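Printed here is entry34.cif (mmCIF, N, CA and C atoms and all ligand atoms):
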data_target
#
loop_
_atom_site.label_atom_id
_atom_site.label_comp_id
_atom_site.auth_asym_id
_atom_site.auth_seq_id
_atom_site.Cartn_x
_atom_site.Cartn_y
_atom_site.Cartn_z
N MET Q 1 -30.77 22.81 3.85
CA MET Q 1 -30.86 21.45 4.40
C MET Q 1 -29.93 21.33 5.60
N ARG Q 2 -30.39 20.62 6.55
CA ARG Q 2 -29.59 20.46 7.75
C ARG Q 2 -28.98 19.07 7.82
N GLY Q 3 -27.78 18.98 7.75
CA GLY Q 3 -27.13 17.67 7.85
C GLY Q 3 -26.26 17.61 9.08
N THR Q 4 -26.26 16.46 9.66
CA THR Q 4 -25.36 16.29 10.79
C THR Q 4 -24.05 15.73 10.28
N ARG Q 5 -23.05 16.43 10.53
CA ARG Q 5 -21.74 15.97 10.08
C ARG Q 5 -20.95 15.41 11.24
N THR Q 6 -20.28 14.39 10.93
CA THR Q 6 -19.44 13.81 11.97
C THR Q 6 -18.23 14.69 12.21
N VAL Q 7 -18.04 15.01 13.42
CA VAL Q 7 -16.88 15.83 13.78
C VAL Q 7 -15.74 14.90 14.17
N PHE Q 8 -14.73 14.97 13.42
CA PHE Q 8 -13.59 14.12 13.71
C PHE Q 8 -12.69 14.77 14.75
N VAL Q 9 -12.53 14.07 15.79
CA VAL Q 9 -11.58 14.55 16.79
C VAL Q 9 -10.18 14.33 16.26
N VAL Q 10 -9.45 15.35 16.29
CA VAL Q 10 -8.12 15.27 15.69
C VAL Q 10 -7.16 14.57 16.62
N GLY Q 11 -7.13 13.28 16.47
CA GLY Q 11 -6.19 12.52 17.28
C GLY Q 11 -4.80 12.55 16.68
N LEU Q 12 -4.74 12.98 15.45
CA LEU Q 12 -3.44 12.97 14.79
C LEU Q 12 -2.49 13.96 15.42
N ALA Q 13 -3.06 15.01 16.00
CA ALA Q 13 -2.19 16.00 16.62
C ALA Q 13 -1.36 15.37 17.73
N VAL Q 14 -1.97 14.42 18.40
CA VAL Q 14 -1.24 13.73 19.45
C VAL Q 14 -0.19 12.82 18.84
N ALA Q 15 -0.61 12.13 17.78
CA ALA Q 15 0.32 11.20 17.16
C ALA Q 15 1.48 11.92 16.51
N ALA Q 16 1.26 13.18 16.21
CA ALA Q 16 2.31 13.92 15.52
C ALA Q 16 3.38 14.43 16.48
N LEU Q 17 3.22 14.06 17.73
CA LEU Q 17 4.22 14.47 18.71
C LEU Q 17 5.48 13.64 18.56
N ALA Q 18 6.02 13.70 17.40
CA ALA Q 18 7.23 12.92 17.17
C ALA Q 18 8.40 13.55 17.90
N VAL Q 19 9.20 12.68 18.41
CA VAL Q 19 10.38 13.18 19.12
C VAL Q 19 11.42 13.54 18.07
N ALA Q 20 11.40 14.79 17.71
CA ALA Q 20 12.26 15.23 16.61
C ALA Q 20 13.61 15.72 17.11
N GLY Q 21 13.75 15.81 18.40
CA GLY Q 21 14.99 16.36 18.92
C GLY Q 21 16.14 15.40 18.76
N CYS Q 22 17.31 15.93 18.72
CA CYS Q 22 18.47 15.08 18.66
C CYS Q 22 18.74 14.51 20.05
N GLY Q 23 19.41 13.40 20.05
CA GLY Q 23 19.64 12.75 21.33
C GLY Q 23 20.89 13.22 22.02
N GLY Q 24 21.29 14.40 21.75
CA GLY Q 24 22.55 14.89 22.27
C GLY Q 24 22.52 15.23 23.75
N SER Q 25 21.55 16.04 24.13
CA SER Q 25 21.52 16.47 25.52
C SER Q 25 21.01 15.36 26.41
N GLY Q 26 21.69 15.11 27.46
CA GLY Q 26 21.35 13.97 28.28
C GLY Q 26 20.42 14.28 29.43
N ASP Q 27 20.05 15.52 29.61
CA ASP Q 27 19.28 15.86 30.79
C ASP Q 27 17.81 16.14 30.49
N GLU Q 28 17.34 15.56 29.40
CA GLU Q 28 15.92 15.74 29.12
C GLU Q 28 15.13 14.77 29.98
N SER Q 29 14.18 15.28 30.68
CA SER Q 29 13.40 14.44 31.59
C SER Q 29 12.16 13.92 30.88
N ALA Q 30 12.09 12.62 30.75
CA ALA Q 30 10.94 12.02 30.09
C ALA Q 30 9.72 12.10 31.00
N SER Q 31 8.64 12.52 30.44
CA SER Q 31 7.41 12.62 31.22
C SER Q 31 6.47 11.49 30.85
N THR Q 32 6.41 10.52 31.69
CA THR Q 32 5.49 9.42 31.46
C THR Q 32 4.25 9.65 32.30
N ASP Q 33 3.14 9.87 31.62
CA ASP Q 33 1.93 10.19 32.36
C ASP Q 33 1.08 8.96 32.64
N THR Q 34 1.32 7.91 31.90
CA THR Q 34 0.52 6.70 32.14
C THR Q 34 1.44 5.50 32.30
N GLY Q 35 0.97 4.55 33.00
CA GLY Q 35 1.67 3.28 33.09
C GLY Q 35 3.07 3.41 33.63
N ALA Q 36 3.21 4.03 34.74
CA ALA Q 36 4.53 4.25 35.29
C ALA Q 36 5.21 2.95 35.70
N THR Q 37 4.42 1.89 35.75
CA THR Q 37 5.00 0.64 36.21
C THR Q 37 5.29 -0.33 35.07
N THR Q 38 5.26 0.17 33.83
CA THR Q 38 5.58 -0.71 32.72
C THR Q 38 7.02 -1.18 32.82
N GLU Q 39 7.23 -2.41 32.46
CA GLU Q 39 8.56 -2.98 32.65
C GLU Q 39 9.55 -2.45 31.62
N THR Q 40 9.11 -2.35 30.39
CA THR Q 40 10.00 -1.83 29.38
C THR Q 40 9.61 -0.41 29.06
N SER Q 41 10.58 0.43 28.88
CA SER Q 41 10.32 1.83 28.61
C SER Q 41 10.84 2.18 27.23
N THR Q 42 10.22 1.60 26.22
CA THR Q 42 10.61 1.91 24.86
C THR Q 42 10.00 3.25 24.46
N GLU Q 43 10.82 4.14 24.00
CA GLU Q 43 10.36 5.46 23.60
C GLU Q 43 10.24 5.53 22.09
N ALA Q 44 9.35 6.43 21.67
CA ALA Q 44 9.30 6.72 20.24
C ALA Q 44 10.66 7.22 19.79
N GLY Q 45 11.04 6.83 18.60
CA GLY Q 45 12.35 7.21 18.10
C GLY Q 45 13.39 6.14 18.28
N SER Q 46 13.06 5.12 19.04
CA SER Q 46 14.05 4.08 19.28
C SER Q 46 14.04 3.05 18.14
N THR Q 47 14.96 2.14 18.24
CA THR Q 47 15.12 1.12 17.22
C THR Q 47 14.57 -0.20 17.72
N LEU Q 48 13.78 -0.83 16.87
CA LEU Q 48 13.25 -2.16 17.17
C LEU Q 48 13.95 -3.16 16.27
N THR Q 49 14.04 -4.38 16.75
CA THR Q 49 14.73 -5.41 15.99
C THR Q 49 13.78 -6.52 15.60
N GLY Q 50 13.61 -6.70 14.31
CA GLY Q 50 12.81 -7.81 13.80
C GLY Q 50 13.73 -8.94 13.42
N SER Q 51 13.25 -10.15 13.64
CA SER Q 51 14.06 -11.31 13.30
C SER Q 51 13.15 -12.40 12.75
N VAL Q 52 13.63 -13.04 11.70
CA VAL Q 52 12.88 -14.17 11.16
C VAL Q 52 13.86 -15.24 10.69
N GLY Q 53 13.53 -16.50 11.00
CA GLY Q 53 14.40 -17.59 10.64
C GLY Q 53 15.54 -17.74 11.63
N PRO Q 54 16.44 -18.69 11.39
CA PRO Q 54 16.43 -19.62 10.26
C PRO Q 54 15.36 -20.70 10.39
N GLY Q 55 14.90 -20.93 11.60
CA GLY Q 55 13.78 -21.86 11.78
C GLY Q 55 12.47 -21.16 11.53
N PHE Q 56 11.41 -21.76 11.99
CA PHE Q 56 10.10 -21.17 11.81
C PHE Q 56 9.80 -20.23 12.98
N GLU Q 57 10.64 -19.20 13.08
CA GLU Q 57 10.52 -18.26 14.20
C GLU Q 57 10.50 -16.85 13.66
N ILE Q 58 9.66 -16.04 14.28
CA ILE Q 58 9.61 -14.63 13.92
C ILE Q 58 9.40 -13.84 15.20
N SER Q 59 10.08 -12.69 15.28
CA SER Q 59 9.97 -11.92 16.51
C SER Q 59 10.25 -10.45 16.23
N LEU Q 60 9.76 -9.64 17.14
CA LEU Q 60 10.07 -8.21 17.11
C LEU Q 60 10.41 -7.80 18.54
N SER Q 61 11.60 -7.25 18.71
CA SER Q 61 12.11 -6.98 20.05
C SER Q 61 12.49 -5.53 20.21
N THR Q 62 12.50 -5.11 21.46
CA THR Q 62 12.99 -3.78 21.79
C THR Q 62 14.51 -3.82 21.89
N ALA Q 63 15.10 -2.68 22.11
CA ALA Q 63 16.55 -2.61 22.26
C ALA Q 63 17.02 -3.44 23.45
N ASP Q 64 16.12 -3.65 24.41
CA ASP Q 64 16.46 -4.45 25.58
C ASP Q 64 16.35 -5.94 25.32
N GLY Q 65 15.91 -6.29 24.13
CA GLY Q 65 15.73 -7.69 23.83
C GLY Q 65 14.40 -8.26 24.28
N GLN Q 66 13.52 -7.39 24.71
CA GLN Q 66 12.19 -7.85 25.15
C GLN Q 66 11.24 -7.87 23.96
N PRO Q 67 10.32 -8.82 23.96
CA PRO Q 67 9.31 -8.82 22.89
C PRO Q 67 8.48 -7.53 22.93
N VAL Q 68 8.22 -6.98 21.76
CA VAL Q 68 7.41 -5.78 21.68
C VAL Q 68 5.95 -6.16 21.93
N GLU Q 69 5.36 -5.55 22.95
CA GLU Q 69 3.96 -5.81 23.24
C GLU Q 69 3.12 -4.54 23.12
N THR Q 70 3.63 -3.47 23.70
CA THR Q 70 2.97 -2.18 23.53
C THR Q 70 4.03 -1.12 23.27
N LEU Q 71 3.64 -0.12 22.48
CA LEU Q 71 4.56 0.97 22.16
C LEU Q 71 3.79 2.28 22.17
N PRO Q 72 4.45 3.35 22.56
CA PRO Q 72 3.83 4.65 22.34
C PRO Q 72 3.90 5.02 20.86
N ALA Q 73 2.89 5.74 20.41
CA ALA Q 73 2.87 6.15 19.01
C ALA Q 73 4.08 7.01 18.69
N GLY Q 74 4.49 6.94 17.44
CA GLY Q 74 5.63 7.75 17.02
C GLY Q 74 6.45 7.04 15.97
N SER Q 75 7.58 7.61 15.69
CA SER Q 75 8.45 7.08 14.64
C SER Q 75 9.47 6.11 15.23
N TYR Q 76 9.71 5.07 14.50
CA TYR Q 76 10.66 4.06 14.93
C TYR Q 76 11.49 3.59 13.74
N THR Q 77 12.63 3.03 14.04
CA THR Q 77 13.41 2.32 13.04
C THR Q 77 13.30 0.84 13.33
N VAL Q 78 12.89 0.08 12.34
CA VAL Q 78 12.78 -1.36 12.49
C VAL Q 78 13.89 -2.00 11.67
N GLU Q 79 14.82 -2.61 12.37
CA GLU Q 79 15.91 -3.30 11.70
C GLU Q 79 15.61 -4.79 11.68
N VAL Q 80 15.44 -5.30 10.49
CA VAL Q 80 15.03 -6.69 10.34
C VAL Q 80 16.21 -7.54 9.90
N ASP Q 81 16.40 -8.62 10.63
CA ASP Q 81 17.40 -9.60 10.23
C ASP Q 81 16.66 -10.81 9.67
N ASP Q 82 16.66 -10.89 8.36
CA ASP Q 82 15.97 -11.99 7.68
C ASP Q 82 17.01 -13.10 7.45
N LYS Q 83 16.86 -14.17 8.22
CA LYS Q 83 17.90 -15.20 8.23
C LYS Q 83 17.56 -16.39 7.34
N SER Q 84 16.54 -16.27 6.55
CA SER Q 84 16.15 -17.43 5.74
C SER Q 84 15.58 -17.00 4.41
N ASP Q 85 15.87 -17.77 3.38
CA ASP Q 85 15.32 -17.46 2.07
C ASP Q 85 13.97 -18.13 1.83
N ILE Q 86 13.44 -18.78 2.86
CA ILE Q 86 12.08 -19.27 2.72
C ILE Q 86 11.10 -18.47 3.57
N HIS Q 87 11.62 -17.54 4.32
CA HIS Q 87 10.76 -16.71 5.16
C HIS Q 87 10.92 -15.24 4.77
N ASN Q 88 9.97 -14.45 5.22
CA ASN Q 88 10.14 -13.00 5.16
C ASN Q 88 9.56 -12.39 6.41
N PHE Q 89 9.76 -11.10 6.55
CA PHE Q 89 9.24 -10.35 7.70
C PHE Q 89 8.36 -9.26 7.13
N HIS Q 90 7.08 -9.33 7.44
CA HIS Q 90 6.10 -8.41 6.86
C HIS Q 90 5.33 -7.74 8.00
N LEU Q 91 5.54 -6.44 8.13
CA LEU Q 91 4.94 -5.66 9.22
C LEU Q 91 3.84 -4.76 8.66
N THR Q 92 2.65 -4.91 9.23
CA THR Q 92 1.53 -4.12 8.74
C THR Q 92 0.73 -3.55 9.90
N GLY Q 93 0.04 -2.48 9.60
CA GLY Q 93 -0.83 -1.80 10.55
C GLY Q 93 -1.15 -0.43 9.97
N SER Q 94 -1.79 0.38 10.76
CA SER Q 94 -2.21 1.69 10.28
C SER Q 94 -1.02 2.50 9.76
N GLY Q 95 -1.02 2.77 8.47
CA GLY Q 95 0.01 3.60 7.86
C GLY Q 95 1.33 2.90 7.62
N VAL Q 96 1.41 1.62 7.91
CA VAL Q 96 2.67 0.89 7.79
C VAL Q 96 2.45 -0.41 7.02
N ASP Q 97 3.28 -0.63 6.01
CA ASP Q 97 3.28 -1.89 5.29
C ASP Q 97 4.67 -2.08 4.71
N VAL Q 98 5.52 -2.73 5.46
CA VAL Q 98 6.90 -2.94 5.03
C VAL Q 98 7.22 -4.43 5.14
N ALA Q 99 8.12 -4.87 4.26
CA ALA Q 99 8.44 -6.29 4.26
C ALA Q 99 9.79 -6.54 3.62
N THR Q 100 10.40 -7.62 4.06
CA THR Q 100 11.57 -8.14 3.35
C THR Q 100 11.06 -9.15 2.33
N GLU Q 101 11.96 -9.55 1.44
CA GLU Q 101 11.56 -10.49 0.41
C GLU Q 101 11.80 -11.92 0.88
N VAL Q 102 10.95 -12.80 0.39
CA VAL Q 102 11.04 -14.19 0.82
C VAL Q 102 12.37 -14.81 0.37
N GLY Q 103 12.75 -14.58 -0.84
CA GLY Q 103 13.92 -15.26 -1.38
C GLY Q 103 15.25 -14.65 -0.98
N THR Q 104 15.21 -13.66 -0.12
CA THR Q 104 16.41 -12.91 0.22
C THR Q 104 16.80 -13.10 1.68
N VAL Q 105 18.08 -13.15 1.91
CA VAL Q 105 18.61 -13.20 3.27
C VAL Q 105 19.40 -11.93 3.52
N GLY Q 106 19.27 -11.40 4.71
CA GLY Q 106 20.07 -10.23 5.03
C GLY Q 106 19.33 -9.25 5.91
N ALA Q 107 20.04 -8.19 6.26
CA ALA Q 107 19.47 -7.17 7.13
C ALA Q 107 18.84 -6.07 6.29
N GLU Q 108 17.74 -5.57 6.78
CA GLU Q 108 17.06 -4.48 6.10
C GLU Q 108 16.47 -3.56 7.16
N SER Q 109 16.50 -2.28 6.89
CA SER Q 109 16.05 -1.30 7.87
C SER Q 109 14.88 -0.50 7.32
N PHE Q 110 13.87 -0.31 8.16
CA PHE Q 110 12.68 0.43 7.75
C PHE Q 110 12.40 1.54 8.75
N ASP Q 111 12.12 2.72 8.23
CA ASP Q 111 11.66 3.82 9.08
C ASP Q 111 10.14 3.86 9.02
N VAL Q 112 9.51 3.72 10.16
CA VAL Q 112 8.06 3.64 10.20
C VAL Q 112 7.51 4.61 11.24
N THR Q 113 6.26 4.95 11.07
CA THR Q 113 5.56 5.76 12.06
C THR Q 113 4.32 5.01 12.51
N PHE Q 114 4.30 4.68 13.78
CA PHE Q 114 3.18 3.93 14.33
C PHE Q 114 2.14 4.88 14.90
N GLU Q 115 0.89 4.56 14.60
CA GLU Q 115 -0.25 5.29 15.16
C GLU Q 115 -0.98 4.36 16.13
N ALA Q 116 -1.84 4.94 16.91
CA ALA Q 116 -2.58 4.12 17.87
C ALA Q 116 -3.35 3.02 17.15
N GLY Q 117 -3.24 1.81 17.66
CA GLY Q 117 -3.93 0.69 17.05
C GLY Q 117 -3.10 -0.57 17.12
N SER Q 118 -3.55 -1.56 16.40
CA SER Q 118 -2.89 -2.86 16.40
C SER Q 118 -1.99 -3.01 15.18
N TYR Q 119 -0.84 -3.61 15.41
CA TYR Q 119 0.08 -3.91 14.32
C TYR Q 119 0.41 -5.40 14.36
N GLU Q 120 0.70 -5.91 13.17
CA GLU Q 120 0.95 -7.34 13.06
C GLU Q 120 2.19 -7.56 12.21
N PHE Q 121 2.96 -8.57 12.58
CA PHE Q 121 4.07 -8.97 11.72
C PHE Q 121 3.97 -10.46 11.47
N VAL Q 122 4.20 -10.83 10.22
CA VAL Q 122 4.06 -12.23 9.83
C VAL Q 122 5.17 -12.59 8.85
N CYS Q 123 5.35 -13.87 8.69
CA CYS Q 123 6.05 -14.40 7.52
C CYS Q 123 4.95 -14.78 6.55
N ASP Q 124 4.94 -14.15 5.39
CA ASP Q 124 3.82 -14.35 4.47
C ASP Q 124 3.57 -15.80 4.07
N PRO Q 125 4.60 -16.58 3.73
CA PRO Q 125 4.32 -17.97 3.34
C PRO Q 125 3.81 -18.82 4.50
N HIS Q 126 4.09 -18.41 5.72
CA HIS Q 126 3.69 -19.21 6.88
C HIS Q 126 2.96 -18.35 7.90
N ALA Q 127 2.07 -17.50 7.40
CA ALA Q 127 1.44 -16.51 8.28
C ALA Q 127 0.58 -17.13 9.37
N SER Q 128 0.09 -18.33 9.12
CA SER Q 128 -0.78 -18.93 10.12
C SER Q 128 -0.02 -19.37 11.37
N SER Q 129 1.25 -19.67 11.19
CA SER Q 129 2.03 -20.12 12.35
C SER Q 129 3.13 -19.14 12.73
N MET Q 130 3.58 -18.35 11.79
CA MET Q 130 4.64 -17.40 12.07
C MET Q 130 4.06 -15.99 12.08
N ASN Q 131 3.69 -15.56 13.27
CA ASN Q 131 3.07 -14.23 13.36
C ASN Q 131 3.21 -13.69 14.76
N GLY Q 132 3.01 -12.41 14.86
CA GLY Q 132 3.03 -11.74 16.15
C GLY Q 132 2.33 -10.41 16.01
N SER Q 133 2.03 -9.81 17.14
CA SER Q 133 1.34 -8.53 17.08
C SER Q 133 1.67 -7.69 18.31
N PHE Q 134 1.38 -6.43 18.21
CA PHE Q 134 1.57 -5.54 19.36
C PHE Q 134 0.62 -4.37 19.23
N GLU Q 135 0.48 -3.66 20.32
CA GLU Q 135 -0.45 -2.54 20.36
C GLU Q 135 0.32 -1.23 20.48
N VAL Q 136 -0.15 -0.25 19.75
CA VAL Q 136 0.41 1.09 19.85
C VAL Q 136 -0.61 1.98 20.55
N THR Q 137 -0.15 2.65 21.56
CA THR Q 137 -1.02 3.54 22.31
C THR Q 137 -0.82 4.98 21.87
N GLY Q 138 -1.88 5.74 21.86
CA GLY Q 138 -1.82 7.08 21.31
C GLY Q 138 -1.14 8.09 22.18
CU CU Q 201 8.09 -18.46 6.81
#
For this file, write the structure as C-alpha cells.
Ligand SMILES: [Cu+2]
Amino acid sequence: MRGTRTVFVVGLAVAALAVAGCGGSGDESASTDTGATTETSTEAGSTLTGSVGPGFEISLSTADGQPVETLPAGSYTVEVDDKSDIHNFHLTGSGVDVATEVGTVGAESFDVTFEAGSYEFVCDPHASSMNGSFEVTG
C-alpha cells in the first residue's frame, strides 16, 4: 500500500540552538541575521521580569525595562514579582505553563524554553482584563 506521509521539517533543530555558553568571554560577536533595526536586543538566555499587582496590572519586561513583544527562541529565566494575594502570574505557550499562586505574594523564578509561536501571560482570576502576549521567533 502506498501512503503519503507527512514529512515533518525539523524546526526543533533551530530551536535547540540554545546559548549554552557561559557569559564569561566578552568578545563574542552576536550575529543578528534578521531585524537589525529592532529597538530591543533581548537574547536567548537573558532574564525577563514578570510583574503583577498590587493593582490590576500585569506585565512582562526585558532587562531594559521594555515590554516584551518579540523574542528569539531559546531558554530564558522569568523572574516574577507577585505583589498581590488576589492576583497571580500565569505564563503559557508552546512547552511552557508556569504560574505563581493567587493567594501568595513574593518573588518566584522560572526557567523556561520558548519555541516559535505565541505566548500569553494572564492573571487567572482576572484574565479578561489582566493579560498580555508576545511572539517568539524561530
Ligand atoms: Cu488578578
Using only N, CA and C atoms, which residues sit within 7 Å of Phe89 (chain Q) once same-chain residues fewer than 6 positions away are excluded, as a PDB file with N, CA and C atoms, keeping the file's coordinate frame?
ATOM      1  N   SER Q  51      13.250 -10.150  13.640  1.00  0.00           N
ATOM      2  CA  SER Q  51      14.060 -11.310  13.300  1.00  0.00           C
ATOM      3  C   SER Q  51      13.150 -12.400  12.750  1.00  0.00           C
ATOM      4  N   VAL Q  52      13.630 -13.040  11.700  1.00  0.00           N
ATOM      5  CA  VAL Q  52      12.880 -14.170  11.160  1.00  0.00           C
ATOM      6  C   VAL Q  52      13.860 -15.240  10.690  1.00  0.00           C
ATOM      7  N   ASP Q  82      16.660 -10.890   8.360  1.00  0.00           N
ATOM      8  CA  ASP Q  82      15.970 -11.990   7.680  1.00  0.00           C
ATOM      9  C   ASP Q  82      17.010 -13.100   7.450  1.00  0.00           C
ATOM     10  N   VAL Q  98       5.520  -2.730   5.460  1.00  0.00           N
ATOM     11  CA  VAL Q  98       6.900  -2.940   5.030  1.00  0.00           C
ATOM     12  C   VAL Q  98       7.220  -4.430   5.140  1.00  0.00           C
ATOM     13  N   ALA Q  99       8.120  -4.870   4.260  1.00  0.00           N
ATOM     14  CA  ALA Q  99       8.440  -6.290   4.260  1.00  0.00           C
ATOM     15  C   ALA Q  99       9.790  -6.540   3.620  1.00  0.00           C
ATOM     16  N   THR Q 100      10.400  -7.620   4.060  1.00  0.00           N
ATOM     17  CA  THR Q 100      11.570  -8.140   3.350  1.00  0.00           C
ATOM     18  C   THR Q 100      11.060  -9.150   2.330  1.00  0.00           C
ATOM     19  N   GLU Q 101      11.960  -9.550   1.440  1.00  0.00           N
ATOM     20  CA  GLU Q 101      11.560 -10.490   0.410  1.00  0.00           C
ATOM     21  C   GLU Q 101      11.800 -11.920   0.880  1.00  0.00           C
ATOM     22  N   VAL Q 102      10.950 -12.800   0.390  1.00  0.00           N
ATOM     23  CA  VAL Q 102      11.040 -14.190   0.820  1.00  0.00           C
ATOM     24  C   VAL Q 102      12.370 -14.810   0.370  1.00  0.00           C
ATOM     25  N   PHE Q 121       2.960  -8.570  12.580  1.00  0.00           N
ATOM     26  CA  PHE Q 121       4.070  -8.970  11.720  1.00  0.00           C
ATOM     27  C   PHE Q 121       3.970 -10.460  11.470  1.00  0.00           C
ATOM     28  N   VAL Q 122       4.200 -10.830  10.220  1.00  0.00           N
ATOM     29  CA  VAL Q 122       4.060 -12.230   9.830  1.00  0.00           C
ATOM     30  C   VAL Q 122       5.170 -12.590   8.850  1.00  0.00           C
ATOM     31  N   CYS Q 123       5.350 -13.870   8.690  1.00  0.00           N
ATOM     32  CA  CYS Q 123       6.050 -14.400   7.520  1.00  0.00           C
ATOM     33  C   CYS Q 123       4.950 -14.780   6.550  1.00  0.00           C
ATOM     34  N   ASP Q 124       4.940 -14.150   5.390  1.00  0.00           N
ATOM     35  CA  ASP Q 124       3.820 -14.350   4.470  1.00  0.00           C
ATOM     36  C   ASP Q 124       3.570 -15.800   4.070  1.00  0.00           C
TER      37      ASP Q 124
END
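Proximal residues of ligand CU 201 (chain Q) are Ile86, His87, Asn88, Cys123, Asp124, Pro125 and His126 of chain Q, by a cut-off of 6 Å on only N, CA and C atoms and all ligand atoms.
Counting from CA of Gly132 (chain Q), the distance to CA of Leu60 (chain Q) is 7.9 Å.
Between CA of Lys83 (chain Q) and CA of Thr70 (chain Q) there is a distance of 25.0 Å.
Taking CA of Thr137 (chain Q) and CA of Gly65 (chain Q) as endpoints, the distance between them is 20.2 Å.
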Members of region 31-120 of chain Q assigned strand (DSSP E) by DSSP, as a VMD selection string: chain Q and resid 47 to 52 58 to 61 70 to 72 74 to 82 90 to 93 96 to 99 106 to 114 117 to 120
Glu115 (chain Q) environment, 6 Å, only N, CA and C atoms, sequence neighbours closer than 5 positions dropped, as a ChimeraX atom specification: /Q:73-74,94,136-138
Can I get the selection written as a compact mmCIF listing (two decimals), in the coordinates of the input, with N, CA and C atoms?
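For reference, selection10.txt as written:
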# COMPACT_ATOMS: atom_id res chain seq x y z
N ALA Q 73 2.89 5.74 20.41
CA ALA Q 73 2.87 6.15 19.01
C ALA Q 73 4.08 7.01 18.69
N GLY Q 74 4.49 6.94 17.44
CA GLY Q 74 5.63 7.75 17.02
C GLY Q 74 6.45 7.04 15.97
N SER Q 94 -1.79 0.38 10.76
CA SER Q 94 -2.21 1.69 10.28
C SER Q 94 -1.02 2.50 9.76
N VAL Q 136 -0.15 -0.25 19.75
CA VAL Q 136 0.41 1.09 19.85
C VAL Q 136 -0.61 1.98 20.55
N THR Q 137 -0.15 2.65 21.56
CA THR Q 137 -1.02 3.54 22.31
C THR Q 137 -0.82 4.98 21.87
N GLY Q 138 -1.88 5.74 21.86
CA GLY Q 138 -1.82 7.08 21.31
C GLY Q 138 -1.14 8.09 22.18
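Minimum atom-to-atom distance to Ser129 (chain Q), evaluated using only N, CA and C atoms, belongs to Q:Glu57 out of Q:Pro67, Q:His90, Q:Thr42, Q:Glu57.
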